[in-house]
Structure formats: C-alpha cells, structure tokens
Amino acid sequence: LVGQLVTDNTFTTTVVSGEVCKFCTFAKAFFCDKEKCLCIVNNRCTCNRIVVCNRYLQYTFEISTFTNNQGVPDALTNPQGVFVTDDYIYVADTDNNRIVLFTVEGEFVKIIEKPESNLFEEGSIYKPVALAVDAAGRMYIVSSTTYMGVISIAPDGEFQGFIGAQQVNISAIDILWRKIQTKEQREAQETKVSTEFNNITINKNKGLVYVTTSTIDEGAVAGAITGKDKKGTNSP
C-alpha cells in the first residue's frame, strides 16, 4: 500500500512498499514538494526533530541535534515551522527563539537570531512559529508573541520591517469613553492590539505572501465575502 496513512492512538504509520515508518501523531507542521516531504514532530513526544521523507513518504533522514557555528553541540527545541527552498531547510526553532538553516541534505549552515530593532517593544519575546522565504532569500516570519505583523528579515538576518499588520477596530462607544477618561484611566485600560497570525506561506512565482489567523470571527469573514466588501477589515 503506497502512501497510505494509518493512524492509531500512538503513531501515524506510513506503509510504503512494505517499509513501515512511524511518526508521532503530534506532528506540528508539514512541508511538501514534488521531491520531498518534511514533518515537524512536536516536543509533546520529546522528539524535537525534523523528519525528512522522500516523495514516496519513505524515511530519508532527520534533524534534531547539530554542531553550531561556535563548534558547540546544539539541538532544536519545540520547532513549529519549516520552509524549504532549492538549497536550504529553514526551521523555526521556537523555544530557542531563532531560525536555523540547514542544507537540503541536513547539514547545519547558520543560525539567525532574534532581529534587532527599536520597533520591537522593550522586553518583547520572539517566538517564531512559521516562516516563508521568497526567491531572493528574504524571510517572512510569524512570531506567536508579535502583533505588529509579519517580521521581514533580509538573507543576512537584518531586520527589514513589519508587513501585513491587521487593522484594529475601535467602536464609537470606546472612542467617546476615551475622550472623557483621565490619563490614569486610559493607561490602565486594556490596550487594543492587532491580530496575531499563526501560519504563513508564499507563492514563489508571484511573490505573494499568505497568512492565517484564528482570531477573526468566522461570521464576519463570511459576510464580507458574501457582500463583496472590499473596504472592511475582513474583506477578501
């Protein structure tokens, strides 16, 4: 049975031409193309690894530990995102707050640490959970704790800015209330921030970036699509 996936309570078992490979059911994310299929295994199983399969879903190799550019043994911790180009495997090493690059053969290349910029709030935490890379090598990173938009980083790791921040809607009542509040009341009030994204991909041919979020009301999106509203926050 080529390519059939059989799932039980413990494993997702891939049966390929008589060869059986077992992967944890807690796989967090996948990246597939015509040549390979990469599977990220969540650390709920204490695996912390990237499993690389070929186009027939046969196990090829895995990435979990490596020697970093300081010559020190290193390891992935709760990786949650992966993206593959013709030359590199980009891993969002979430709990280590970094992006790690490997060759498509699994050899370590370099680490891209948290981008530096005064646009980040003081004390902000960088938690990359997904990323996409364009044809020029620019990285577009979704951080689960960053609400200013998608983080854009140059191939050398230099911060380039934020893109795609969601519009924040404030009701007329909130606007009126803010006008009569004291300074202390405004400072104590909960801050309204943009929506956080949770996943990302890119159309390599057109250079279009697509993101997803779980915090937009489903009914509002459906209404915007039905009404063909091109001006609202949830317009398609």
# chains A, B, ... in the order shown; residues from 1 in each chain; ligands from 1
call {"tool": "residues_around", "arguments": {"residues": "A:Ile111", "least_positions_apart": "6", "cutoff": "7 Å", "atoms": "only C-alpha atoms", "output": "number ranges by chain"}}
result
A: 98-101
call {"tool": "residues_around", "arguments": {"residues": "A:Val129", "least_positions_apart": "5", "cutoff": "10 Å", "atoms": "only C-alpha atoms", "output": "VMD selection string"}}
result
chain A and resid 28 to 29 78 to 82 91 to 95 97 to 99 141 to 145 197 to 200
call {"tool": "write_last_selection", "arguments": {"atoms": "C-alpha atoms", "output": "compact mmCIF listing (two decimals), in the first residue's frame"}}
result
# COMPACT_ATOMS: atom_id res chain seq x y z
CA LYS A 28 3.03 20.18 14.32
CA ALA A 29 3.61 21.18 10.70
CA ASN A 78 9.99 22.63 20.08
CA PRO A 79 10.37 23.52 16.37
CA GLN A 80 7.00 24.55 14.97
CA GLY A 81 7.62 25.77 11.42
CA VAL A 82 9.65 24.75 8.38
CA VAL A 91 13.50 25.73 10.72
CA ALA A 92 11.57 27.93 13.14
CA ASP A 93 13.26 26.75 16.34
CA THR A 94 10.51 28.18 18.50
CA ASP A 95 11.64 27.72 22.10
CA ASN A 97 13.90 31.95 19.72
CA ARG A 98 15.74 31.61 16.40
CA ILE A 99 15.73 30.40 12.82
CA ILE A 141 8.42 35.16 9.94
CA VAL A 142 5.33 34.73 12.09
CA SER A 143 6.10 35.11 15.80
CA SER A 144 3.34 33.95 18.14
CA THR A 145 4.06 36.83 20.54
CA PHE A 197 -1.02 35.47 12.75
CA ASN A 198 -0.40 31.73 13.17
CA ASN A 199 0.84 30.47 9.80
CA ILE A 200 2.29 31.70 6.53
call {"tool": "residues_around", "arguments": {"residues": "A:Glu121", "least_positions_apart": "3", "cutoff": "12 Å", "atoms": "only C-alpha atoms", "output": "number ranges by chain"}}
result
A: 116-118, 124-126, 145-148
call {"tool": "write_last_selection", "arguments": {"atoms": "N, CA and C atoms", "output": "PDB file, in the first residue's frame"}}
result
ATOM      1  N   GLU A 116      17.139  42.583  15.586  1.00  0.00           N
ATOM      2  CA  GLU A 116      17.305  43.733  16.476  1.00  0.00           C
ATOM      3  C   GLU A 116      16.691  44.971  15.847  1.00  0.00           C
ATOM      4  N   SER A 117      15.822  45.644  16.591  1.00  0.00           N
ATOM      5  CA  SER A 117      15.210  46.890  16.111  1.00  0.00           C
ATOM      6  C   SER A 117      14.501  47.564  17.274  1.00  0.00           C
ATOM      7  N   ASN A 118      14.504  48.902  17.268  1.00  0.00           N
ATOM      8  CA  ASN A 118      13.775  49.630  18.306  1.00  0.00           C
ATOM      9  C   ASN A 118      12.269  49.626  18.046  1.00  0.00           C
ATOM     10  N   SER A 124      10.049  42.525  24.705  1.00  0.00           N
ATOM     11  CA  SER A 124       9.244  41.657  23.857  1.00  0.00           C
ATOM     12  C   SER A 124       9.926  40.307  23.664  1.00  0.00           C
ATOM     13  N   ILE A 125       9.125  39.275  23.507  1.00  0.00           N
ATOM     14  CA  ILE A 125       9.629  37.913  23.329  1.00  0.00           C
ATOM     15  C   ILE A 125       9.442  37.491  21.882  1.00  0.00           C
ATOM     16  N   TYR A 126      10.456  36.879  21.326  1.00  0.00           N
ATOM     17  CA  TYR A 126      10.460  36.445  19.930  1.00  0.00           C
ATOM     18  C   TYR A 126      10.231  34.934  19.890  1.00  0.00           C
ATOM     19  N   THR A 145       4.171  35.781  19.527  1.00  0.00           N
ATOM     20  CA  THR A 145       4.060  36.829  20.536  1.00  0.00           C
ATOM     21  C   THR A 145       4.240  38.220  19.943  1.00  0.00           C
ATOM     22  N   THR A 146       4.186  38.306  18.621  1.00  0.00           N
ATOM     23  CA  THR A 146       4.364  39.596  17.940  1.00  0.00           C
ATOM     24  C   THR A 146       3.081  39.955  17.203  1.00  0.00           C
ATOM     25  N   TYR A 147       2.498  41.120  17.551  1.00  0.00           N
ATOM     26  CA  TYR A 147       1.221  41.514  16.956  1.00  0.00           C
ATOM     27  C   TYR A 147       1.367  42.648  15.942  1.00  0.00           C
ATOM     28  N   MET A 148       2.608  43.101  15.692  1.00  0.00           N
ATOM     29  CA  MET A 148       2.802  44.223  14.764  1.00  0.00           C
ATOM     30  C   MET A 148       2.754  43.800  13.300  1.00  0.00           C
TER      31      MET A 148
END
call {"tool": "select_by_dssp", "arguments": {"residues": "stretch 102-153 of chain A", "states": "strand (DSSP E or B)", "output": "list in words"}}
result
Phe102, Thr103, Phe108, Val109, Lys110, Ile111, Ile112, Pro128, Val129, Ala130, Leu131, Ala132, Val133, Met139, Tyr140, Ile141, Val142, Ser143, Val150, Ile151, Ser152 and Ile153 of chain A
call {"tool": "residues_around", "arguments": {"residues": "A:Ala132", "least_positions_apart": "6", "cutoff": "8 Å", "atoms": "only C-alpha atoms", "output": "NGL selection string"}}
result
:A and (83 or 139-141 or 200-202)
call {"tool": "closest_residue", "arguments": {"among": "A:Pro115, A:Gly106, A:Gly149, A:Gly157", "to": "A:Thr60", "atoms": "only C-alpha atoms"}}
result
A:Gly106
